[in-house]
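Source file: target30.json. Holds: JSON, C-alpha atoms.
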[["chain", "number", "residue", "atom", "x", "y", "z"],
["Q", 1, "MET", "CA", 38.21, -168.33, 111.49],
["Q", 2, "PRO", "CA", 40.44, -165.50, 110.26],
["Q", 3, "LEU", "CA", 38.85, -162.06, 110.28],
["Q", 4, "ILE", "CA", 39.43, -161.50, 106.55],
["Q", 5, "ILE", "CA", 37.41, -164.62, 105.66],
["Q", 6, "LYS", "CA", 34.54, -163.49, 107.87],
["Q", 7, "LEU", "CA", 34.53, -160.11, 106.15],
["Q", 8, "MET", "CA", 34.46, -161.75, 102.70],
["Q", 9, "ILE", "CA", 31.49, -163.93, 103.70],
["Q", 10, "LEU", "CA", 29.65, -160.93, 105.15],
["Q", 11, "ASN", "CA", 30.32, -158.96, 101.95],
["Q", 12, "LYS", "CA", 28.85, -161.73, 99.79],
["Q", 13, "ILE", "CA", 25.72, -161.86, 101.97],
["Q", 14, "ILE", "CA", 25.23, -158.08, 101.67],
["Q", 15, "ILE", "CA", 25.65, -158.18, 97.86],
["Q", 16, "THR", "CA", 23.17, -161.08, 97.57],
["Q", 17, "LEU", "CA", 20.55, -159.32, 99.71],
["Q", 18, "SER", "CA", 20.98, -156.11, 97.69],
["Q", 19, "LEU", "CA", 20.42, -157.93, 94.39],
["Q", 20, "LEU", "CA", 17.31, -159.63, 95.76],
["Q", 21, "PHE", "CA", 15.96, -156.26, 96.90],
["Q", 22, "VAL", "CA", 16.52, -154.64, 93.49],
["Q", 23, "ILE", "CA", 14.90, -157.56, 91.64],
["Q", 24, "ASN", "CA", 11.92, -157.42, 93.98],
["Q", 25, "GLN", "CA", 11.48, -153.66, 93.42],
["Q", 26, "LEU", "CA", 11.64, -154.04, 89.63],
["Q", 27, "ALA", "CA", 9.03, -156.80, 89.69],
["Q", 28, "PHE", "CA", 6.79, -154.71, 91.96],
["Q", 29, "SER", "CA", 7.09, -151.69, 89.65],
["Q", 30, "GLN", "CA", 6.18, -153.83, 86.63],
["Q", 31, "VAL", "CA", 3.09, -155.15, 88.40],
["Q", 32, "ILE", "CA", 2.02, -151.61, 89.33],
["Q", 33, "GLU", "CA", 2.52, -150.43, 85.74],
["Q", 34, "GLU", "CA", 0.56, -153.37, 84.31],
["Q", 35, "ASN", "CA", -2.27, -152.80, 86.77],
["Q", 36, "PHE", "CA", -2.32, -149.10, 85.85],
["Q", 37, "GLU", "CA", -2.49, -149.91, 82.13],
["Q", 38, "ASN", "CA", -5.20, -152.50, 82.68],
["Q", 39, "LYS", "CA", -7.22, -149.99, 84.66],
["Q", 40, "ALA", "CA", -6.86, -147.44, 81.90],
["Q", 41, "LEU", "CA", -8.02, -150.01, 79.38],
["Q", 42, "GLU", "CA", -10.90, -151.10, 81.56],
["Q", 43, "SER", "CA", -12.02, -147.49, 81.90],
["Q", 44, "GLY", "CA", -13.05, -147.61, 78.24],
["Q", 45, "PRO", "CA", -13.52, -144.66, 75.87],
["Q", 46, "LYS", "CA", -13.78, -141.16, 77.26],
["Q", 47, "ILE", "CA", -15.86, -138.26, 76.02],
["Q", 48, "ALA", "CA", -13.99, -135.19, 74.84],
["Q", 49, "LYS", "CA", -14.96, -131.93, 73.19],
["Q", 50, "ILE", "CA", -13.06, -130.29, 70.34],
["Q", 51, "VAL", "CA", -11.85, -126.88, 71.59],
["Q", 52, "VAL", "CA", -9.94, -125.60, 68.55],
["Q", 53, "PRO", "CA", -11.37, -124.41, 65.21],
["Q", 54, "ARG", "CA", -10.15, -127.59, 63.51],
["Q", 55, "ALA", "CA", -8.67, -130.63, 65.22],
["Q", 56, "ILE", "CA", -6.49, -132.34, 62.62],
["Q", 57, "VAL", "CA", -6.84, -136.11, 62.46],
["Q", 58, "TYR", "CA", -3.70, -138.12, 61.64],
["Q", 59, "SER", "CA", -3.46, -141.68, 60.39],
["Q", 60, "ASP", "CA", -0.10, -142.30, 62.10],
["Q", 61, "GLU", "CA", 1.55, -141.51, 65.42],
["Q", 62, "ASP", "CA", 4.37, -139.63, 63.70],
["Q", 63, "MET", "CA", 1.79, -137.10, 62.45],
["Q", 64, "ASN", "CA", 3.04, -137.38, 58.87],
["Q", 65, "SER", "CA", -0.28, -138.11, 57.17],
["Q", 66, "ALA", "CA", -3.34, -135.95, 57.88],
["Q", 67, "MET", "CA", -6.76, -137.43, 57.06],
["Q", 68, "GLY", "CA", -8.95, -134.42, 57.68],
["Q", 69, "PHE", "CA", -10.26, -132.49, 60.65],
["Q", 70, "ILE", "CA", -13.06, -132.45, 63.24],
["Q", 71, "PRO", "CA", -14.66, -129.00, 63.70],
["Q", 72, "ASN", "CA", -14.89, -127.06, 66.94],
["Q", 73, "GLY", "CA", -17.53, -128.00, 69.51],
["Q", 74, "LYS", "CA", -18.00, -131.63, 68.49],
["Q", 75, "LEU", "CA", -18.21, -134.28, 71.22],
["Q", 76, "ILE", "CA", -16.29, -137.45, 70.44],
["Q", 77, "TYR", "CA", -15.19, -140.66, 72.10],
["Q", 78, "VAL", "CA", -11.42, -140.96, 72.54],
["Q", 79, "GLY", "CA", -9.06, -143.62, 73.83],
["Q", 80, "ASN", "CA", -5.97, -143.28, 76.02],
["Q", 81, "PRO", "CA", -2.81, -141.22, 75.45],
["Q", 82, "ARG", "CA", -0.23, -143.03, 73.37],
["Q", 83, "LYS", "CA", 3.00, -144.38, 74.84],
["Q", 84, "LYS", "CA", 4.97, -143.53, 71.73],
["Q", 85, "ASN", "CA", 3.69, -139.96, 71.58],
["Q", 86, "PRO", "CA", 1.94, -138.84, 74.80],
["Q", 87, "ASP", "CA", 0.70, -135.70, 73.04],
["Q", 88, "LEU", "CA", -1.65, -137.84, 70.93],
["Q", 89, "ILE", "CA", -4.85, -139.64, 71.77],
["Q", 90, "SER", "CA", -6.62, -142.27, 69.69],
["Q", 91, "VAL", "CA", -9.97, -142.07, 67.89],
["Q", 92, "LEU", "CA", -11.70, -144.48, 65.55],
["Q", 93, "ILE", "CA", -12.11, -143.36, 61.93],
["Q", 94, "ASN", "CA", -13.73, -145.60, 59.31],
["Q", 95, "GLY", "CA", -12.93, -148.67, 61.36],
["Q", 96, "GLN", "CA", -9.26, -147.75, 61.77],
["Q", 97, "ILE", "CA", -7.34, -146.22, 64.65],
["Q", 98, "ALA", "CA", -6.44, -142.57, 64.05],
["Q", 99, "TYR", "CA", -4.99, -139.86, 66.27],
["Q", 100, "ILE", "CA", -5.58, -136.27, 67.34],
["Q", 101, "GLN", "CA", -3.56, -134.02, 69.61],
["Q", 102, "ILE", "CA", -4.59, -133.83, 73.27],
["Q", 103, "LYS", "CA", -4.22, -130.04, 73.22],
["Q", 104, "ASP", "CA", -7.11, -129.89, 70.74],
["Q", 105, "ILE", "CA", -9.64, -131.50, 73.10],
["Q", 106, "HIS", "CA", -11.14, -131.05, 76.57],
["Q", 107, "PHE", "CA", -12.33, -134.07, 78.54],
["Q", 108, "GLU", "CA", -15.96, -133.70, 79.54],
["Q", 109, "ASP", "CA", -17.16, -134.30, 83.13],
["Q", 110, "GLU", "CA", -20.60, -135.60, 82.13],
["Q", 111, "ILE", "CA", -21.20, -139.30, 82.32],
["Q", 112, "ILE", "CA", -21.58, -141.23, 79.10],
["Q", 113, "GLN", "CA", -25.36, -141.57, 79.37],
["Q", 114, "ASN", "CA", -25.87, -137.79, 79.60],
["Q", 115, "ALA", "CA", -23.47, -137.17, 76.73],
["Q", 116, "ALA", "CA", -25.74, -138.92, 74.25],
["Q", 117, "LYS", "CA", -28.37, -136.20, 74.48],
["Q", 118, "ASP", "CA", -25.69, -133.56, 73.85],
["Q", 119, "GLY", "CA", -24.96, -135.00, 70.44],
["Q", 120, "ALA", "CA", -21.89, -137.11, 71.18],
["Q", 121, "PRO", "CA", -21.40, -139.51, 68.29],
["Q", 122, "LYS", "CA", -21.03, -143.20, 68.84],
["Q", 123, "GLU", "CA", -17.51, -144.43, 68.34],
["Q", 124, "HIS", "CA", -18.34, -146.24, 65.13],
["Q", 125, "ASN", "CA", -20.01, -143.13, 63.73],
["Q", 126, "ILE", "CA", -17.15, -140.73, 64.32],
["Q", 127, "ASP", "CA", -16.38, -140.83, 60.59],
["Q", 128, "LEU", "CA", -19.60, -138.86, 60.06],
["Q", 129, "ILE", "CA", -18.02, -135.76, 61.59],
["Q", 130, "LEU", "CA", -14.63, -136.08, 59.88],
["Q", 131, "LYS", "CA", -14.54, -133.26, 57.35],
["Q", 132, "LYS", "CA", -12.31, -132.29, 54.48],
["Q", 133, "PRO", "CA", -11.48, -128.61, 54.15],
["Q", 134, "GLU", "CA", -13.02, -126.65, 51.31],
["Q", 135, "GLU", "CA", -10.51, -125.89, 48.59],
["Q", 136, "LYS", "CA", -9.72, -122.19, 48.27],
["Q", 137, "LEU", "CA", -7.39, -121.08, 45.53],
["Q", 138, "THR", "CA", -6.24, -118.21, 47.72],
["Q", 139, "GLU", "CA", -4.85, -120.63, 50.32],
["Q", 140, "ASN", "CA", -2.13, -123.32, 50.42],
["Q", 141, "ASN", "CA", -0.05, -121.71, 47.66],
["Q", 142, "SER", "CA", 3.74, -121.58, 47.37],
["Q", 143, "VAL", "CA", 6.26, -119.80, 45.15],
["Q", 144, "PHE", "CA", 9.53, -121.44, 44.05],
["Q", 145, "PHE", "CA", 12.57, -119.64, 42.65],
["Q", 146, "SER", "CA", 15.43, -121.72, 41.25],
["Q", 147, "PHE", "CA", 18.43, -121.58, 38.96],
["Q", 148, "GLY", "CA", 20.44, -124.35, 37.37],
["Q", 149, "SER", "CA", 21.83, -125.88, 34.21],
["Q", 150, "PHE", "CA", 20.28, -127.79, 31.32],
["Q", 151, "SER", "CA", 22.22, -129.92, 28.85],
["Q", 152, "LEU", "CA", 20.73, -129.30, 25.39],
["Q", 153, "GLY", "CA", 21.82, -132.63, 23.93],
["Q", 154, "THR", "CA", 23.77, -134.13, 21.05],
["Q", 155, "GLU", "CA", 21.84, -132.51, 18.17],
["Q", 156, "TYR", "CA", 22.64, -129.07, 19.52],
["Q", 157, "GLU", "CA", 26.30, -130.05, 19.92],
["Q", 158, "GLN", "CA", 26.38, -131.17, 16.28],
["Q", 159, "PHE", "CA", 24.86, -127.84, 15.23],
["Q", 160, "LEU", "CA", 27.63, -125.97, 17.05],
["Q", 161, "SER", "CA", 30.16, -128.15, 15.28],
["Q", 162, "ASN", "CA", 28.57, -127.24, 11.93],
["Q", 163, "LEU", "CA", 29.00, -123.57, 12.84],
["Q", 164, "ASP", "CA", 32.64, -124.19, 13.76],
["Q", 165, "GLN", "CA", 31.82, -123.14, 17.32],
["Q", 166, "PRO", "CA", 33.20, -124.50, 20.61],
["Q", 167, "ILE", "CA", 31.09, -127.40, 21.84],
["Q", 168, "ASP", "CA", 29.28, -125.97, 24.84],
["Q", 169, "SER", "CA", 25.69, -127.21, 25.06],
["Q", 170, "THR", "CA", 24.91, -126.33, 28.68],
["Q", 171, "ALA", "CA", 22.32, -123.60, 29.14],
["Q", 172, "THR", "CA", 21.67, -121.70, 32.34],
["Q", 173, "TYR", "CA", 18.06, -121.40, 33.42],
["Q", 174, "LEU", "CA", 16.02, -119.34, 35.86],
["Q", 175, "ASP", "CA", 12.69, -120.73, 36.97],
["Q", 176, "ILE", "CA", 9.61, -119.38, 38.76],
["Q", 177, "LEU", "CA", 6.95, -121.87, 39.82],
["Q", 178, "ILE", "CA", 3.66, -121.16, 41.57],
["Q", 179, "ILE", "CA", 1.88, -124.22, 42.94],
["Q", 180, "HIS", "CA", -1.31, -124.97, 44.83],
["Q", 181, "ARG", "CA", -1.60, -127.92, 47.23],
["Q", 182, "LYS", "CA", -5.01, -128.83, 48.54],
["Q", 183, "GLU", "CA", -4.85, -129.27, 52.30],
["Q", 184, "PHE", "CA", -4.38, -132.90, 53.41],
["Q", 185, "SER", "CA", -3.79, -133.92, 49.77],
["Q", 186, "ARG", "CA", -0.63, -135.23, 48.13],
["Q", 187, "PHE", "CA", -1.53, -133.77, 44.73],
["Q", 188, "LEU", "CA", -0.30, -130.39, 43.54],
["Q", 189, "TRP", "CA", -0.65, -128.27, 40.42],
["Q", 190, "GLY", "CA", 0.52, -124.90, 39.23],
["Q", 191, "LEU", "CA", 2.15, -122.77, 36.54],
["Q", 192, "ASN", "CA", 5.82, -122.75, 35.58],
["Q", 193, "TRP", "CA", 7.86, -119.97, 33.87],
["Q", 194, "SER", "CA", 11.43, -120.71, 32.75],
["Q", 195, "SER", "CA", 14.11, -118.66, 31.03],
["Q", 196, "TYR", "CA", 17.09, -120.33, 29.31],
["Q", 197, "PHE", "CA", 20.30, -118.65, 28.17],
["Q", 198, "ILE", "CA", 23.41, -119.85, 26.36],
["Q", 199, "SER", "CA", 25.94, -117.75, 24.48],
["Q", 200, "ASN", "CA", 29.55, -117.13, 23.46],
["Q", 201, "ASN", "CA", 31.33, -114.51, 21.38],
["Q", 202, "ASP", "CA", 29.67, -115.59, 18.12],
["Q", 203, "TYR", "CA", 26.07, -116.34, 19.00],
["Q", 204, "ASP", "CA", 23.35, -115.92, 21.66],
["Q", 205, "PHE", "CA", 20.46, -118.30, 22.20],
["Q", 206, "SER", "CA", 17.67, -117.60, 24.69],
["Q", 207, "TYR", "CA", 14.12, -118.83, 25.03],
["Q", 208, "PHE", "CA", 11.26, -118.56, 27.52],
["Q", 209, "MET", "CA", 8.90, -121.43, 28.38],
["Q", 210, "LEU", "CA", 5.50, -121.36, 30.05],
["Q", 211, "GLY", "CA", 3.32, -124.30, 30.99],
["Q", 212, "PRO", "CA", 1.11, -126.08, 33.55],
["Q", 213, "THR", "CA", 2.72, -128.31, 36.18],
["Q", 214, "PHE", "CA", 1.22, -131.33, 37.95],
["Q", 215, "GLY", "CA", 2.79, -133.31, 40.76],
["Q", 216, "PHE", "CA", 2.43, -135.79, 43.59],
["Q", 217, "THR", "CA", 4.15, -135.96, 46.98],
["Q", 218, "ILE", "CA", 5.54, -139.48, 47.41],
["Q", 219, "LEU", "CA", 7.25, -138.90, 50.77],
["Q", 220, "LYS", "CA", 6.74, -136.34, 53.51],
["Q", 221, "ASN", "CA", 8.09, -135.96, 57.03],
["Q", 222, "PRO", "CA", 9.07, -133.00, 59.26],
["Q", 223, "VAL", "CA", 12.57, -132.91, 57.73],
["Q", 224, "PHE", "CA", 11.84, -133.03, 53.99],
["Q", 225, "LEU", "CA", 9.28, -133.90, 51.35],
["Q", 226, "LEU", "CA", 9.84, -135.52, 47.97],
["Q", 227, "ASP", "CA", 7.70, -134.61, 44.95],
["Q", 228, "VAL", "CA", 7.54, -136.00, 41.45],
["Q", 229, "TYR", "CA", 6.16, -133.70, 38.79],
["Q", 230, "THR", "CA", 5.61, -133.18, 35.09],
["Q", 231, "SER", "CA", 4.88, -130.12, 33.00],
["Q", 232, "VAL", "CA", 3.95, -129.38, 29.40],
["Q", 233, "ASP", "CA", 5.90, -126.34, 28.19],
["Q", 234, "PHE", "CA", 5.57, -123.96, 25.24],
["Q", 235, "ALA", "CA", 7.92, -121.20, 24.13],
["Q", 236, "VAL", "CA", 6.52, -117.71, 24.54],
["Q", 237, "GLY", "CA", 9.62, -116.04, 23.15],
["Q", 238, "THR", "CA", 12.88, -117.08, 21.50],
["Q", 239, "ASP", "CA", 15.95, -115.28, 20.28],
["Q", 240, "PHE", "CA", 18.78, -116.85, 18.28],
["Q", 241, "ASP", "CA", 21.38, -114.28, 17.26],
["Q", 242, "ILE", "CA", 24.26, -115.50, 15.08],
["Q", 243, "LYS", "CA", 26.93, -112.81, 15.15],
["Q", 244, "ILE", "CA", 29.20, -114.29, 12.49],
["Q", 245, "ASN", "CA", 28.80, -114.25, 8.69],
["Q", 246, "TYR", "CA", 25.17, -115.50, 8.37],
["Q", 247, "GLU", "CA", 22.45, -114.08, 6.21],
["Q", 248, "LYS", "CA", 19.49, -114.17, 8.61],
["Q", 249, "ASP", "CA", 18.91, -115.09, 12.21],
["Q", 250, "PRO", "CA", 16.53, -118.02, 12.63],
["Q", 251, "SER", "CA", 13.30, -117.78, 14.67],
["Q", 252, "PRO", "CA", 12.82, -121.17, 16.35],
["Q", 253, "PHE", "CA", 9.76, -122.30, 18.30],
["Q", 254, "LEU", "CA", 10.02, -124.86, 21.11],
["Q", 255, "TYR", "CA", 7.46, -127.12, 22.77],
["Q", 256, "GLY", "CA", 7.68, -130.25, 24.84],
["Q", 257, "ALA", "CA", 7.58, -131.67, 28.35],
["Q", 258, "GLN", "CA", 9.66, -132.44, 31.38],
["Q", 259, "LEU", "CA", 9.55, -135.08, 34.10],
["Q", 260, "GLY", "CA", 11.35, -134.45, 37.36],
["Q", 261, "THR", "CA", 11.66, -134.82, 41.11],
["Q", 262, "LYS", "CA", 12.05, -132.16, 43.78],
["Q", 263, "ILE", "CA", 13.30, -132.50, 47.36],
["Q", 264, "LEU", "CA", 12.24, -129.72, 49.72],
["Q", 265, "PHE", "CA", 13.59, -129.26, 53.23],
["Q", 266, "THR", "CA", 11.75, -128.03, 56.37],
["Q", 267, "PRO", "CA", 8.27, -128.49, 54.86],
["Q", 268, "THR", "CA", 6.54, -127.53, 58.11],
["Q", 269, "LEU", "CA", 8.09, -124.05, 58.06],
["Q", 270, "ARG", "CA", 7.14, -121.15, 55.82],
["Q", 271, "TYR", "CA", 10.52, -120.80, 54.09],
["Q", 272, "HIS", "CA", 12.36, -123.65, 52.39],
["Q", 273, "ILE", "CA", 15.35, -124.59, 50.30],
["Q", 274, "PHE", "CA", 15.05, -127.27, 47.63],
["Q", 275, "GLY", "CA", 16.82, -129.07, 44.84],
["Q", 276, "ASN", "CA", 15.40, -130.55, 41.65],
["Q", 277, "LEU", "CA", 16.42, -132.98, 38.95],
["Q", 278, "ALA", "CA", 14.54, -133.36, 35.68],
["Q", 279, "TYR", "CA", 14.67, -134.75, 32.17],
["Q", 280, "LYS", "CA", 13.48, -132.25, 29.55],
["Q", 281, "TYR", "CA", 12.57, -132.91, 25.94],
["Q", 282, "TYR", "CA", 11.67, -130.00, 23.64],
["Q", 283, "ASN", "CA", 10.95, -130.16, 19.93],
["Q", 284, "VAL", "CA", 12.32, -127.25, 17.89],
["Q", 285, "THR", "CA", 10.72, -125.98, 14.69],
["Q", 286, "GLN", "CA", 12.07, -123.50, 12.09],
["Q", 287, "MET", "CA", 15.59, -124.46, 13.03],
["Q", 288, "ASP", "CA", 16.32, -127.44, 10.78],
["Q", 289, "GLN", "CA", 18.75, -125.33, 8.72],
["Q", 290, "VAL", "CA", 20.36, -121.88, 8.68],
["Q", 291, "PHE", "CA", 21.92, -119.97, 5.73],
["Q", 292, "ASN", "CA", 25.19, -118.15, 5.66],
["Q", 293, "ALA", "CA", 25.91, -114.97, 3.65],
["Q", 294, "SER", "CA", 26.63, -117.07, 0.53],
["Q", 295, "SER", "CA", 23.16, -118.68, 0.78],
["Q", 296, "ASN", "CA", 24.67, -122.01, 1.67],
["Q", 297, "TYR", "CA", 22.73, -123.81, 4.34],
["Q", 298, "VAL", "CA", 24.11, -125.37, 7.46],
["Q", 299, "PRO", "CA", 22.15, -128.23, 9.09],
["Q", 300, "GLY", "CA", 20.37, -127.06, 12.24],
["Q", 301, "PHE", "CA", 18.73, -129.06, 15.05],
["Q", 302, "LYS", "CA", 15.20, -130.33, 15.65],
["Q", 303, "ARG", "CA", 15.24, -130.96, 19.39],
["Q", 304, "VAL", "CA", 16.96, -130.14, 22.64],
["Q", 305, "ASN", "CA", 16.83, -132.79, 25.31],
["Q", 306, "GLY", "CA", 18.77, -133.74, 28.39],
["Q", 307, "ILE", "CA", 19.14, -133.56, 32.15],
["Q", 308, "SER", "CA", 18.65, -130.40, 34.16],
["Q", 309, "ILE", "CA", 19.67, -129.85, 37.77],
["Q", 310, "GLY", "CA", 18.92, -126.87, 39.97],
["Q", 311, "LEU", "CA", 18.75, -125.34, 43.44],
["Q", 312, "GLY", "CA", 16.38, -122.79, 44.85],
["Q", 313, "VAL", "CA", 14.34, -121.24, 47.64],
["Q", 314, "SER", "CA", 10.60, -121.14, 48.17],
["Q", 315, "PHE", "CA", 8.05, -119.74, 50.59],
["Q", 316, "ASP", "CA", 4.38, -120.31, 51.37],
["Q", 317, "LEU", "CA", 2.02, -117.49, 50.54]]
Let's see the structure in the file written out as structure tokens.
Amino acid sequence: MPLIIKLMILNKIIITLSLLFVINQLAFSQVIEENFENKALESGPKIAKIVVPRAIVYSDEDMNSAMGFIPNGKLIYVGNPRKKNPDLISVLINGQIAYIQIKDIHFEDEIIQNAAKDGAPKEHNIDLILKKPEEKLTENNSVFFSFGSFSLGTEYEQFLSNLDQPIDSTATYLDILIIHRKEFSRFLWGLNWSSYFISNNDYDFSYFMLGPTFGFTILKNPVFLLDVYTSVDFAVGTDFDIKINYEKDPSPFLYGAQLGTKILFTPTLRYHIFGNLAYKYYNVTQMDQVFNASSNYVPGFKRVNGISIGLGVSFDL
């Protein structure tokens, strides 16, 4: 038999034996891993002690939704570290699996029987030690600063047309918002202050709004959070100065509401950037008509309404 054929046969035999060896090793590794997992499961719950002031309890392995906390010194039963997130370990809360961070606990050396006399809760009673933090108005507060534009709507555009002015109905606004979020809650509330300005060579219009704000966080993760909010606003100062031939400057009063959404980035850090989009509707009184120097009236406007969009920065106090 030619030497080259012998070498080809020998090569095939070596390749076949190598494949069989690799397959055998993979199967052996899988058996070892399964046996290890089964042993861990058979070992049952372990006793651990909370070693931080507050061990936060999460409802998901991504740690996006906090349920509450377990105070320092409590003994609890815990499961095994999670495959998806090895930094977490499972606990049972209200009949559902929840998670705490391994760094917040210390595994106890005592056997389970001795732990009972030390006050370790039974697994099904762990919900008795889950606590919600007390709400303190001096904590969990944030300040938002933003600027943007607000379209005042078609009635305002018609008013400008009546004054023979260029049709520019976009006001610039500056906004300061202080909000309070209760820890582990999706609800928020606060106080909003807004200043609006619009002007040209012939008139200036500015007004200042103040009102309570209420909101709800519909989505939160380590990258961004998304809030929806509403506020009821009232004017605390207005100024409408017509510089052309008009007898008296009007003194309007505004009130109304807005409904909007805000997206905030890096919510886990202290400083953030955000953007907001809102629909605003404000009724306007004492502005239904204005008089020129000849005492002839010009139809005014009774509302400003439209879309506002803005950008800003915020920080946690």
| field | Long-range neighbours of range 273-281 of chain Q as number ranges by chain, 10 Å cut-off, only C-alpha atoms, 4 positions minimum in chain | value | Q: 144-148, 150-153, 224-233, 254-267, 303-315
| said: One decimal, in Å: what's the spacing between CA of Phe107 in chain Q and CA of Leu88 in chain Q? | reply: 13.6 Å
| Residues at most 9 Å from Phe205 in chain Q, counting only C-alpha atoms, excluding those fewer than 5 positions away in the same chain, as a list of chain:residue names? |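 Those residues are Q:Ala171, Q:Tyr196, Q:Phe197, Q:Ile198, Q:Ser199, Q:Thr238, Q:Asp239, Q:Phe240, Q:Asp241, Q:Ile242.
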| said: I'd like the interatomic distance between CA of Phe234 in chain Q and CA of Trp189 in chain Q, to a tenth of an Å. | reply: 17.0 Å
Just want the 6 Å neighbourhood of Pro252 in chain Q, counted on all atoms listed in the file, with same-chain residues fewer than 4 positions away dropped. Output as an mmCIF file with C-alpha atoms, in the coordinates of the input.
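Wrote selection-v2.cif, looks like this:
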data_model
loop_
_atom_site.group_PDB
_atom_site.id
_atom_site.type_symbol
_atom_site.label_atom_id
_atom_site.label_comp_id
_atom_site.auth_asym_id
_atom_site.auth_seq_id
_atom_site.Cartn_x
_atom_site.Cartn_y
_atom_site.Cartn_z
ATOM 1 C CA THR Q 285 10.720 -125.980 14.690
ATOM 2 C CA GLN Q 286 12.070 -123.500 12.090
ATOM 3 C CA MET Q 287 15.590 -124.460 13.030
#
| Looking at Q:Phe214, Q:Tyr156, Q:Tyr99, Q:Phe253, which one is nearest to Ala66 in chain Q, with distances taken over only C-alpha atoms? |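 Nearest candidate to Ala66 in chain Q out of Q:Phe214, Q:Tyr156, Q:Tyr99, Q:Phe253: Q:Tyr99.
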| field | Neighbours of point (1.2, -136.5, 43.8) within 6 Å, using only C-alpha atoms, written as a ChimeraX atom specification | value | /Q:186-187,215-217
For C-alpha atoms, I'd like the residues from the last selection saved as an mmCIF file, keeping the file's coordinate frame.
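Listing of result_3.cif after writing:
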data_model
loop_
_atom_site.group_PDB
_atom_site.id
_atom_site.type_symbol
_atom_site.label_atom_id
_atom_site.label_comp_id
_atom_site.auth_asym_id
_atom_site.auth_seq_id
_atom_site.Cartn_x
_atom_site.Cartn_y
_atom_site.Cartn_z
ATOM 1 C CA ARG Q 186 -0.630 -135.230 48.130
ATOM 2 C CA PHE Q 187 -1.530 -133.770 44.730
ATOM 3 C CA GLY Q 215 2.790 -133.310 40.760
ATOM 4 C CA PHE Q 216 2.430 -135.790 43.590
ATOM 5 C CA THR Q 217 4.150 -135.960 46.980
#
